[in-house]
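Colleague: Encoded as structure tokens, here's the structure I'll be asking about.
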Amino acid sequence: MGYNSPVIKRACIVTSDEQIDAAIAAAKVREPLRPRAVSAKYRPGKDAFVIALATGVEIVIPRKLLQGLENATPAQAAEVEIWGPGDSLHWESIDVDHYVPSLIEGIFGNRRWMSEIGKIGGSVRSEAKREAARKNGSKGGRPRVHA
């Protein structure tokens with residue numbers, strides 16, 4: 001089927017001036033509430049980033065949790081820049097970017113990266129975990145699932 005085929009219909013969306021004005025007004029109302037970074041700093045003592053948002057909230061994220069920054073030197077980590085209207089953090093020398101709304105949601109990388117972080121967290125060995133396993137084992141272990 002070619003471009004001029006009668007089967008292919010061209011979509012034509014007409015937007016009125018009133019609709020455009022209403023959309024602009026709605027965007028102005030939402031803009032102050034949108035999560036955007038106004039400052040981002042690397043704190044070597046904490047080995048973490050402190051990100052201040054336009055809403056007045058500050059979030060602290062450990063460097064080792066951020067994909068692409070886990071092996072960054074302190075000097076590279078400190079090169080953090082805010083890009084765009086505050087919705088992106090960028091590290092030029094190591095070519096890493098993170099989307100601020102995703103960081104707020106606790107998404108620090110792609111699915112594989114997040115899966116690896118979860119595995120590491122689940123494999124942590126602690127005295128409390130050992131004691132719980134012993135206690136559970138003395139009761140006969142986990143109950144069997146009967147379908």
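How things are named: the first chain in the structure tokens is A, the next is B, and so on; residues count from 1 in each chain; ligands count from 1 in the order shown.
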Just asking: which residues within range 65-122 of chain A are strand (DSSP E or B) according to DSSP, as a ChimeraX atom specification?
Modeller: /A:81-83,88-91,96-99
Colleague: Restricting the calculation to only C-alpha atoms, which member of A:Val80, A:Cys12, A:Ala75, A:Ile107 is positioned closest to Val50 in chain A?
Modeller: A:Val80
Colleague: Could you name the residues that touch Ala40 in chain A at 8 Å or less, counting only C-alpha atoms, but leaving out those on the same chain fewer than 4 positions away, as a list in words?
Modeller: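 In the requested form, the answer reads Phe49, Val50, Ile51, Ala52, Val80, Glu81, Ile82 and Leu89 of chain A.
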Colleague: For a test of reading the model, state the distance in Å between CA of Gly109 in chain A and CA of Val57 in chain A, rounded to one decimal.
Modeller: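 Rounded to one decimal, the two atoms are 21.7 Å apart.
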Colleague: At what distance in Å, to one decimal, does CA of Pro35 in chain A lie from CA of Glu58 in chain A?
Modeller: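 That distance, rounded to one decimal, is 10.9 Å.
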Colleague: Between CA of Val29 in chain A and CA of Glu105 in chain A, measure the distance and give it in Å to one decimal.
Modeller: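 Value for the CA of Val29 in chain A-CA of Glu105 in chain A distance: 22.4 Å.
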Colleague: Would you pick out the contacts of Val100 in chain A at 8 Å or less, using only C-alpha atoms, so that residues sharing its chain but fewer than 3 positions from it are not included, and give the list as a PDB file with C-alpha atoms, in the first residue's frame?
Modeller:
ATOM      1  CA  PRO A  35       9.849  17.333  40.959  1.00  0.00           C
ATOM      2  CA  ARG A  36      12.955  19.053  39.643  1.00  0.00           C
ATOM      3  CA  ALA A  37      16.431  19.408  41.028  1.00  0.00           C
ATOM      4  CA  GLY A  86      16.063  20.223  36.537  1.00  0.00           C
ATOM      5  CA  ASP A  87      14.770  16.838  35.465  1.00  0.00           C
ATOM      6  CA  SER A  88      18.128  15.243  34.677  1.00  0.00           C
ATOM      7  CA  LEU A  89      21.501  14.813  36.402  1.00  0.00           C
ATOM      8  CA  LEU A 103      15.475   8.728  41.387  1.00  0.00           C
ATOM      9  CA  ILE A 104      12.643  10.004  43.581  1.00  0.00           C
TER      10      ILE A 104
END
Colleague: Pick out the residues sitting within 12 Å of Trp113 in chain A, and hand them over as a ChimeraX atom specification; count only C-alpha atoms, and ignore anything fewer than 3 positions along from it in its own chain.
Modeller: /A:64-70,107-110,116-120
Colleague: Using DSSP on the backbone, list every residue of range 13-132 of chain A that comes out as alpha helix (DSSP H), and give them as a count of residues only.
Modeller: 41
